[in-house]
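Worksheet for the structure shown next.
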Amino acid sequence: MNVAVPGSSLKPSSAMVDPFGRTITYLRVSVTDRCDLRCFYCMSEDMTFLPKSDLLSLEELDRLCSAFITRGVRKLRLTGGEPLVRRNVMSLVRSLSRHLKTGALDELTLTTNGSQLEKFAAELADCGVKRINVSLDTLDAAKFREITRWGDLNKVLAGIEAARTAGLKVKINAVALKGVNEDEVPSLMQWAHGKGMDLTLIEVMPMGEIGAGRIDQYVPLSMVRAKLSQQFTLTDLDETSGGPARYVRIGETGGKLGFITPLTHNFCESCNRVRITCTGTIHTCLGHEDASDLRKPLRASSDDALLNATIDRAIGLKPKGHDFIIDRRHDRPSVSRHMSVTGG
Ligand code: SAM
Ligand code: SF4
């Protein structure tokens, strides 16, 4: 795809700084709300997806991403839904990779469930993608099918191998789920570390109506960590990667383990990211209802002036911190949209 980016001849533009002094340098883009899996903590079984006509075209997504890059975004993550099920998504990846070549972008990456990686890993690497996150909550095929409602673990494992063969660095993300995979954390970690892959554990977040309460799913990672320390030597690492994860080195495996703990530890003070959806809505906080429409200004003019003014207004409303809470009195979604709208 050869995409001209009207109005963004990449002249230096003002940085995006929110009211709390946080500079936005990281953009996550959900390229589709659709997915080939139905993880029970992410989606309800009978999800209603957006009509295709509401979606930004790949050319519009490219223009939007490029506008953010002009405004100082250095890292771009494609996510979903499942990003690799969007038709022709590789043309978007290929087109965005021009910003890696010019040095305007430091990193182009994606978060995927891995099911389509066998098909796309080599091309991703060819486009300059260096690292990807693959979400995998269990190594037990039956449990995997239960969690994802119909997924095939072997397809994901083959996808991970294809990615490694293509030279992509893979990080595994796993959501800790009460009574489902909490006891499997040590073996999942040993498997990942054995293949030179880091593992990051994530607390389940109360996002979207999924037809079940969250209290039955939620395990505080402080408990997982306490259990792990009985079996392994955990050494805190200072590095933060600028994101919400805190890392430890595991003495016995030599690998790195991350904890993303929105519920038990608030990480908002250093947040450098915003998210856009496949319909061009910007969410400046994952754990807030805040939303501004960028599709209208994007379509209103081929010049980016109106778009930039709308981006500025949205960044000016970035909340100080998220609204997540799960306890006996708060078992309903804190945020009405599903995680698949914005991606992780
Ligand atoms: N389909 C891709 C995948 O699974 O990696 C990308 C989108 S998915 C929404 C991104 C991440 O969000 C995955 O790691 C998934 O496990 C996680 N996730 C989904 N719903 C979640 C929730 N309610 N709380 C915490 N993490 C969630
Ligand atoms: Fe699909 Fe990812 Fe949500 Fe699972 S977590 S249903 S793979 S979007």
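Note on naming: chains are A, B, ... as they come in the structure tokens, residues start from 1 per chain, ligands start from 1 in the order shown.
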
- Throw together the list of residues within 9 Å of ligand 1, counting only C-alpha atoms and all ligand atoms, and drop it here as a PyMOL selection string. chain A and resi 30+33-37+39-43+78-84+110-114+133-137+172-176+202-208+210+214+338-344

How about saving the chosen residues, N, CA and C atoms kept, as a compact mmCIF listing (two decimals), in the first residue's frame?
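Writing done, so here's part.txt:
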# COMPACT_ATOMS: atom_id res chain seq x y z
N SER A 30 -5.86 -0.20 18.08
CA SER A 30 -6.66 -1.41 17.86
C SER A 30 -7.16 -1.36 16.42
N ASP A 33 -11.95 -4.78 16.15
CA ASP A 33 -12.50 -5.26 17.43
C ASP A 33 -12.79 -6.76 17.34
N ARG A 34 -12.60 -7.32 16.16
CA ARG A 34 -12.92 -8.75 15.95
C ARG A 34 -11.77 -9.66 16.38
N CYS A 35 -12.11 -10.90 16.61
CA CYS A 35 -11.07 -11.84 17.05
C CYS A 35 -11.48 -13.24 16.64
N ASP A 36 -10.48 -14.10 16.44
CA ASP A 36 -10.79 -15.49 16.11
C ASP A 36 -10.93 -16.33 17.38
N LEU A 37 -10.74 -15.73 18.56
CA LEU A 37 -10.96 -16.43 19.82
C LEU A 37 -12.00 -15.65 20.64
N CYS A 39 -11.81 -15.32 24.48
CA CYS A 39 -11.34 -15.55 25.85
C CYS A 39 -12.43 -15.10 26.83
N PHE A 40 -12.74 -15.94 27.80
CA PHE A 40 -13.95 -15.69 28.61
C PHE A 40 -13.83 -14.45 29.47
N TYR A 41 -12.58 -14.02 29.79
CA TYR A 41 -12.41 -12.83 30.64
C TYR A 41 -12.36 -11.55 29.79
N CYS A 42 -12.31 -11.72 28.47
CA CYS A 42 -12.19 -10.57 27.58
C CYS A 42 -13.51 -10.26 26.89
N MET A 43 -14.18 -11.30 26.43
CA MET A 43 -15.40 -11.09 25.63
C MET A 43 -16.52 -11.98 26.16
N LEU A 78 0.38 -2.26 17.44
CA LEU A 78 -0.89 -2.65 16.84
C LEU A 78 -1.49 -3.76 17.69
N THR A 79 -2.79 -3.64 17.94
CA THR A 79 -3.45 -4.63 18.77
C THR A 79 -4.88 -4.78 18.30
N GLY A 80 -5.75 -5.33 19.14
CA GLY A 80 -7.12 -5.54 18.70
C GLY A 80 -8.02 -5.76 19.91
N GLY A 81 -9.03 -6.49 19.69
CA GLY A 81 -9.28 -7.67 18.89
C GLY A 81 -7.95 -8.34 18.49
N GLU A 82 -8.05 -9.16 17.50
CA GLU A 82 -6.82 -9.81 17.03
C GLU A 82 -6.32 -9.06 15.80
N PRO A 83 -5.19 -8.34 15.94
CA PRO A 83 -4.75 -7.50 14.82
C PRO A 83 -4.52 -8.28 13.53
N LEU A 84 -4.09 -9.54 13.66
CA LEU A 84 -3.73 -10.29 12.45
C LEU A 84 -4.94 -10.88 11.72
N LEU A 110 3.54 -5.48 17.92
CA LEU A 110 2.14 -5.83 18.07
C LEU A 110 1.90 -6.81 19.20
N THR A 111 0.65 -6.83 19.64
CA THR A 111 0.19 -7.80 20.62
C THR A 111 -0.78 -8.72 19.90
N THR A 112 -0.54 -10.01 20.01
CA THR A 112 -1.34 -10.97 19.24
C THR A 112 -1.63 -12.21 20.07
N ASN A 113 -2.68 -12.92 19.69
CA ASN A 113 -2.94 -14.20 20.36
C ASN A 113 -2.13 -15.32 19.72
N GLY A 114 -1.38 -15.01 18.69
CA GLY A 114 -0.44 -15.97 18.11
C GLY A 114 -1.04 -16.92 17.09
N ASN A 133 4.45 -9.25 21.49
CA ASN A 133 3.87 -9.87 22.68
C ASN A 133 2.84 -10.90 22.24
N VAL A 134 2.96 -12.09 22.78
CA VAL A 134 1.97 -13.12 22.49
C VAL A 134 1.24 -13.46 23.79
N SER A 135 -0.09 -13.42 23.72
CA SER A 135 -0.89 -13.70 24.92
C SER A 135 -1.16 -15.20 24.99
N LEU A 136 -0.77 -15.78 26.10
CA LEU A 136 -0.96 -17.22 26.28
C LEU A 136 -1.11 -17.50 27.77
N ASP A 137 -2.26 -18.01 28.17
CA ASP A 137 -2.56 -18.13 29.59
C ASP A 137 -2.32 -19.53 30.14
N ILE A 172 5.83 -13.38 26.42
CA ILE A 172 4.54 -14.00 26.69
C ILE A 172 3.80 -13.19 27.75
N ASN A 173 2.53 -12.91 27.50
CA ASN A 173 1.66 -12.26 28.49
C ASN A 173 0.61 -13.25 28.93
N ALA A 174 0.41 -13.35 30.23
CA ALA A 174 -0.63 -14.25 30.74
C ALA A 174 -1.46 -13.53 31.79
N VAL A 175 -2.77 -13.63 31.66
CA VAL A 175 -3.67 -13.07 32.68
C VAL A 175 -3.82 -14.12 33.77
N ALA A 176 -3.61 -13.71 35.01
CA ALA A 176 -3.75 -14.65 36.13
C ALA A 176 -5.23 -14.81 36.45
N ILE A 202 -0.56 -10.57 34.27
CA ILE A 202 -1.47 -9.42 34.27
C ILE A 202 -2.65 -9.71 35.20
N GLU A 203 -3.02 -8.74 36.01
CA GLU A 203 -4.25 -8.88 36.80
C GLU A 203 -5.45 -8.64 35.91
N VAL A 204 -6.50 -9.42 36.11
CA VAL A 204 -7.70 -9.24 35.30
C VAL A 204 -8.32 -7.87 35.64
N MET A 205 -8.75 -7.17 34.59
CA MET A 205 -9.31 -5.83 34.80
C MET A 205 -10.81 -5.85 34.51
N PRO A 206 -11.58 -5.11 35.29
CA PRO A 206 -13.05 -5.15 35.16
C PRO A 206 -13.53 -4.32 33.98
N MET A 207 -13.29 -4.82 32.77
CA MET A 207 -13.65 -4.08 31.57
C MET A 207 -14.72 -4.82 30.77
N GLY A 208 -15.84 -4.16 30.56
CA GLY A 208 -16.87 -4.71 29.68
C GLY A 208 -17.72 -5.77 30.35
N ILE A 210 -19.19 -9.24 30.51
CA ILE A 210 -18.76 -10.52 29.94
C ILE A 210 -19.68 -11.65 30.37
N ARG A 214 -16.45 -10.42 38.13
CA ARG A 214 -14.98 -10.43 38.08
C ARG A 214 -14.36 -11.03 39.33
N HIS A 338 -15.14 -3.29 26.36
CA HIS A 338 -14.32 -4.49 26.52
C HIS A 338 -12.87 -4.18 26.20
N MET A 339 -11.97 -5.02 26.72
CA MET A 339 -10.54 -4.84 26.43
C MET A 339 -10.28 -4.95 24.92
N SER A 340 -11.12 -5.73 24.22
CA SER A 340 -10.90 -5.93 22.78
C SER A 340 -11.19 -4.67 21.97
N VAL A 341 -11.78 -3.65 22.59
CA VAL A 341 -12.01 -2.40 21.87
C VAL A 341 -10.71 -1.62 21.74
N THR A 342 -9.92 -1.65 22.80
CA THR A 342 -8.69 -0.85 22.81
C THR A 342 -7.44 -1.71 22.71
N GLY A 343 -7.56 -3.00 22.96
CA GLY A 343 -6.36 -3.83 23.06
C GLY A 343 -5.76 -3.65 24.42
N GLY A 344 -4.81 -4.53 24.80
CA GLY A 344 -4.26 -4.52 26.15
C GLY A 344 -3.38 -3.32 26.40

>> Residues within 9 Å of Leu92 in chain A, please, as a ChimeraX atom specification. Count only C-alpha atoms; anything in the same chain fewer than 2 positions from it doesn't count.
In response: /A:1,58-59,61-62,88-90,94-97

Using only C-alpha atoms and all ligand atoms, the best pick from A:Met16, A:Leu55, A:Ala300, A:Ile147 as closest to ligand 2 would be A:Ile147

Report, in Å to a single decimal, how far apart atom 2 (Fe, counted along the ligand's line) of ligand 2 and CA of Val185 in chain A are.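 Going from CA of Val185 in chain A over to atom 2 (Fe, counted along the ligand's line) of ligand 2 covers 19.2 Å.
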
Run DSSP on the backbone and grab whatever in range 101-261 of chain A lands in alpha helix (DSSP H); send it over as a compact mmCIF listing (two decimals) with N, CA, C and O atoms, in the first residue's frame.
# COMPACT_ATOMS: atom_id res chain seq x y z
N LYS A 101 12.28 3.41 9.06
CA LYS A 101 13.40 3.68 8.15
C LYS A 101 13.86 5.12 8.28
O LYS A 101 15.06 5.41 8.23
N THR A 102 12.92 6.05 8.46
CA THR A 102 13.31 7.47 8.56
C THR A 102 13.84 7.81 9.95
O THR A 102 14.36 8.89 10.18
N LEU A 117 0.32 -16.39 13.54
CA LEU A 117 1.73 -16.04 13.40
C LEU A 117 2.50 -16.90 12.41
O LEU A 117 3.46 -16.44 11.78
N GLU A 118 2.05 -18.16 12.28
CA GLU A 118 2.74 -19.02 11.31
C GLU A 118 2.72 -18.37 9.94
O GLU A 118 3.68 -18.44 9.18
N LYS A 119 1.58 -17.74 9.65
CA LYS A 119 1.39 -17.11 8.34
C LYS A 119 2.17 -15.80 8.22
O LYS A 119 2.69 -15.47 7.16
N PHE A 120 2.24 -15.03 9.31
CA PHE A 120 2.71 -13.65 9.18
C PHE A 120 4.08 -13.33 9.79
O PHE A 120 4.60 -12.23 9.59
N ALA A 121 4.64 -14.26 10.56
CA ALA A 121 5.85 -13.92 11.33
C ALA A 121 6.99 -13.42 10.44
O ALA A 121 7.62 -12.39 10.73
N ALA A 122 7.24 -14.12 9.33
CA ALA A 122 8.38 -13.76 8.50
C ALA A 122 8.19 -12.36 7.90
O ALA A 122 9.13 -11.55 7.87
N GLU A 123 6.96 -12.06 7.50
CA GLU A 123 6.72 -10.75 6.90
C GLU A 123 6.81 -9.63 7.95
O GLU A 123 7.29 -8.52 7.66
N LEU A 124 6.36 -9.94 9.16
CA LEU A 124 6.49 -8.94 10.24
C LEU A 124 7.96 -8.60 10.43
O LEU A 124 8.35 -7.42 10.53
N ALA A 125 8.79 -9.63 10.49
CA ALA A 125 10.23 -9.41 10.68
C ALA A 125 10.79 -8.60 9.51
O ALA A 125 11.59 -7.67 9.70
N ASP A 126 10.33 -8.92 8.32
CA ASP A 126 10.80 -8.22 7.13
C ASP A 126 10.41 -6.74 7.16
O ASP A 126 11.08 -5.89 6.56
N ALA A 141 -3.81 -27.93 26.66
CA ALA A 141 -4.66 -27.74 25.47
C ALA A 141 -6.15 -27.68 25.82
O ALA A 141 -6.89 -26.87 25.25
N ALA A 142 -6.58 -28.52 26.78
CA ALA A 142 -8.00 -28.53 27.14
C ALA A 142 -8.37 -27.22 27.84
O ALA A 142 -9.40 -26.61 27.56
N LYS A 143 -7.48 -26.78 28.73
CA LYS A 143 -7.72 -25.52 29.45
C LYS A 143 -7.70 -24.34 28.47
O LYS A 143 -8.49 -23.42 28.58
N PHE A 144 -6.81 -24.42 27.52
CA PHE A 144 -6.72 -23.36 26.51
C PHE A 144 -8.05 -23.24 25.76
O PHE A 144 -8.55 -22.14 25.52
N ARG A 145 -8.61 -24.40 25.42
CA ARG A 145 -9.88 -24.39 24.69
C ARG A 145 -10.98 -23.81 25.58
O ARG A 145 -11.82 -23.05 25.13
N GLU A 146 -10.93 -24.14 26.88
CA GLU A 146 -11.93 -23.59 27.81
C GLU A 146 -11.80 -22.07 27.91
O GLU A 146 -12.78 -21.34 27.84
N ILE A 147 -10.58 -21.60 28.08
CA ILE A 147 -10.37 -20.16 28.26
C ILE A 147 -10.79 -19.40 27.01
O ILE A 147 -11.46 -18.37 27.09
N THR A 148 -10.39 -19.91 25.86
CA THR A 148 -10.61 -19.17 24.60
C THR A 148 -11.93 -19.55 23.93
O THR A 148 -12.27 -19.03 22.90
N LEU A 153 -4.46 -24.75 20.94
CA LEU A 153 -3.16 -24.41 21.53
C LEU A 153 -2.02 -24.70 20.56
O LEU A 153 -1.06 -23.92 20.46
N ASN A 154 -2.11 -25.80 19.81
CA ASN A 154 -1.01 -26.17 18.92
C ASN A 154 -0.74 -25.11 17.87
O ASN A 154 0.40 -24.89 17.47
N LYS A 155 -1.81 -24.45 17.43
CA LYS A 155 -1.65 -23.40 16.42
C LYS A 155 -0.85 -22.23 17.01
O LYS A 155 0.02 -21.65 16.34
N VAL A 156 -1.14 -21.92 18.25
CA VAL A 156 -0.44 -20.81 18.91
C VAL A 156 1.03 -21.18 19.15
O VAL A 156 1.94 -20.37 18.90
N LEU A 157 1.26 -22.41 19.61
CA LEU A 157 2.64 -22.84 19.86
C LEU A 157 3.44 -22.84 18.55
O LEU A 157 4.60 -22.41 18.52
N ALA A 158 2.79 -23.27 17.47
CA ALA A 158 3.48 -23.26 16.17
C ALA A 158 3.75 -21.81 15.75
O ALA A 158 4.81 -21.50 15.17
N GLY A 159 2.82 -20.93 16.05
CA GLY A 159 2.99 -19.51 15.73
C GLY A 159 4.17 -18.91 16.48
O GLY A 159 4.96 -18.13 15.93
N ILE A 160 4.29 -19.27 17.75
CA ILE A 160 5.40 -18.76 18.56
C ILE A 160 6.73 -19.25 17.98
O ILE A 160 7.70 -18.49 17.86
N GLU A 161 6.76 -20.53 17.60
CA GLU A 161 8.00 -21.07 17.01
C GLU A 161 8.33 -20.35 15.70
O GLU A 161 9.50 -20.02 15.42
N ALA A 162 7.30 -20.08 14.90
CA ALA A 162 7.52 -19.38 13.63
C ALA A 162 8.10 -17.99 13.89
O ALA A 162 9.00 -17.52 13.18
N ALA A 163 7.59 -17.34 14.92
CA ALA A 163 8.08 -16.00 15.25
C ALA A 163 9.55 -16.05 15.68
O ALA A 163 10.37 -15.23 15.25
N ARG A 164 9.87 -17.04 16.49
CA ARG A 164 11.26 -17.16 16.96
C ARG A 164 12.19 -17.49 15.80
O ARG A 164 13.29 -16.95 15.68
N THR A 165 11.72 -18.36 14.93
CA THR A 165 12.53 -18.72 13.76
C THR A 165 12.77 -17.50 12.87
O THR A 165 13.84 -17.34 12.28
N VAL A 185 1.44 -21.07 36.98
CA VAL A 185 2.41 -19.99 36.75
C VAL A 185 3.86 -20.49 36.75
O VAL A 185 4.63 -20.18 35.83
N PRO A 186 4.26 -21.33 37.73
CA PRO A 186 5.66 -21.79 37.72
C PRO A 186 6.01 -22.54 36.42
O PRO A 186 7.06 -22.29 35.83
N SER A 187 5.12 -23.43 35.95
CA SER A 187 5.49 -24.21 34.76
C SER A 187 5.45 -23.35 33.50
O SER A 187 6.28 -23.51 32.60
N LEU A 188 4.50 -22.41 33.44
CA LEU A 188 4.44 -21.49 32.30
C LEU A 188 5.73 -20.65 32.24
O LEU A 188 6.33 -20.45 31.19
N MET A 189 6.15 -20.22 33.42
CA MET A 189 7.35 -19.40 33.50
C MET A 189 8.60 -20.21 33.11
O MET A 189 9.43 -19.73 32.32
N GLN A 190 8.69 -21.43 33.60
CA GLN A 190 9.86 -22.25 33.27
C GLN A 190 9.91 -22.56 31.77
O GLN A 190 10.97 -22.55 31.16
N TRP A 191 8.74 -22.79 31.19
CA TRP A 191 8.67 -23.04 29.74
C TRP A 191 9.14 -21.80 28.97
O TRP A 191 10.00 -21.90 28.07
N ALA A 192 8.59 -20.63 29.32
CA ALA A 192 8.93 -19.39 28.61
C ALA A 192 10.42 -19.09 28.76
O ALA A 192 11.14 -18.86 27.78
N HIS A 193 10.90 -19.14 30.00
CA HIS A 193 12.31 -18.81 30.26
C HIS A 193 13.23 -19.83 29.58
O HIS A 193 14.31 -19.48 29.11
N GLY A 194 12.79 -21.07 29.52
CA GLY A 194 13.59 -22.11 28.86
C GLY A 194 13.80 -21.81 27.38
O GLY A 194 14.76 -22.27 26.77
N LEU A 221 -1.91 -10.28 42.10
CA LEU A 221 -0.58 -10.81 41.77
C LEU A 221 0.35 -10.81 42.98
O LEU A 221 1.35 -11.52 43.00
N SER A 222 0.01 -10.01 44.00
CA SER A 222 0.82 -10.05 45.23
C SER A 222 0.79 -11.48 45.80
O SER A 222 1.79 -11.98 46.30
N MET A 223 -0.35 -12.15 45.66
CA MET A 223 -0.45 -13.53 46.16
C MET A 223 0.35 -14.50 45.29
O MET A 223 1.01 -15.41 45.78
N VAL A 224 0.26 -14.29 43.97
CA VAL A 224 1.01 -15.15 43.05
C VAL A 224 2.50 -15.01 43.33
O VAL A 224 3.26 -15.98 43.39
N ARG A 225 2.92 -13.76 43.54
CA ARG A 225 4.33 -13.49 43.79
C ARG A 225 4.78 -14.14 45.10
O ARG A 225 5.86 -14.74 45.17
N ALA A 226 3.96 -14.04 46.12
CA ALA A 226 4.32 -14.63 47.42
C ALA A 226 4.51 -16.15 47.27
O ALA A 226 5.46 -16.72 47.80
N LYS A 227 3.63 -16.77 46.51
CA LYS A 227 3.72 -18.23 46.30
C LYS A 227 4.99 -18.58 45.53
O LYS A 227 5.69 -19.54 45.85
N LEU A 228 5.27 -17.77 44.48
CA LEU A 228 6.47 -18.03 43.66
C LEU A 228 7.73 -17.93 44.50
O LEU A 228 8.69 -18.68 44.30
N SER A 229 7.73 -16.96 45.45
CA SER A 229 8.96 -16.77 46.23
C SER A 229 9.26 -17.95 47.15
O SER A 229 10.36 -18.07 47.67
N GLN A 230 8.27 -18.82 47.37
CA GLN A 230 8.57 -20.01 48.18
C GLN A 230 9.40 -21.03 47.39
O GLN A 230 10.08 -21.86 47.93
N GLN A 231 9.31 -20.91 46.06
CA GLN A 231 9.95 -21.92 45.19
C GLN A 231 11.14 -21.34 44.42
O GLN A 231 12.05 -22.08 44.05

Set out as a tab-separated table a contact list for range 25-98 of chain A and range 270-287 of chain A with a cut-off of 7 Å, giving each residue of range 25-98 of chain A that qualifies its closest atom pair and distance in Å to one decimal, counting only C-alpha atoms, ordered by chain and rising residue number.
residue	atom	partner	partner_atom	distance
A:Thr25	CA	A:Asn272	CA	5.8
A:Tyr26	CA	A:Arg273	CA	4.6
A:Leu27	CA	A:Val274	CA	5.4
A:Arg28	CA	A:Arg275	CA	4.7
A:Val29	CA	A:Ile276	CA	5.0
A:Ser30	CA	A:Thr277	CA	4.8
A:Val31	CA	A:Cys278	CA	4.7
A:Thr32	CA	A:Cys278	CA	5.4
A:Asp54	CA	A:Thr279	CA	6.0
A:Leu55	CA	A:Thr279	CA	4.7
A:Leu56	CA	A:Thr279	CA	5.3

Exercise. Among the residues of range 99-240 of chain A, find those DSSP assigns to strand (DSSP E) from the backbone and print them as number ranges by chain.
Key: A: 107-112, 131-135, 169-176, 198-203, 234-236

Using only C-alpha atoms, the shortest atom-to-atom distance to Leu139 in chain A among A:Glu60, A:Asp216, A:Asp152, A:Glu239 belongs to A:Asp152

Min atom-atom distance to Ile69 in chain A from the set A:Thr235, A:Ser14, A:Ser302, A:Ser115, counting only C-alpha atoms, belongs to A:Ser14

Could you work out how far CA of Ala309 in chain A lies from CA of Val93 in chain A, giving the answer in Å with one decimal?
->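 Between CA of Val93 in chain A and CA of Ala309 in chain A the gap works out to 26.4 Å.
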
>> Rounded to one decimal, what separation in Å do you get between CA of Ile24 in chain A and CA of Gly316 in chain A?
In response: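 Atom-to-atom, CA of Ile24 in chain A to CA of Gly316 in chain A, that is 11.3 Å.
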
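Across A:Arg71, A:Arg149, A:His99, A:Arg87, the tightest approach to ligand 2 is made by A:Arg149 when counting only C-alpha atoms and all ligand atoms.
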
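Using only C-alpha atoms and all ligand atoms, the nearest neighbour of ligand 2 within the list A:Gly167, A:Gly151, A:Pro19, A:Gly258 is A:Gly151.
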
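Nearest-residue note for ligand 2: choosing from A:Gln116, A:Asn308, A:Ser66, A:Thr233, the minimum distance belongs to A:Gln116, counting only C-alpha atoms and all ligand atoms.
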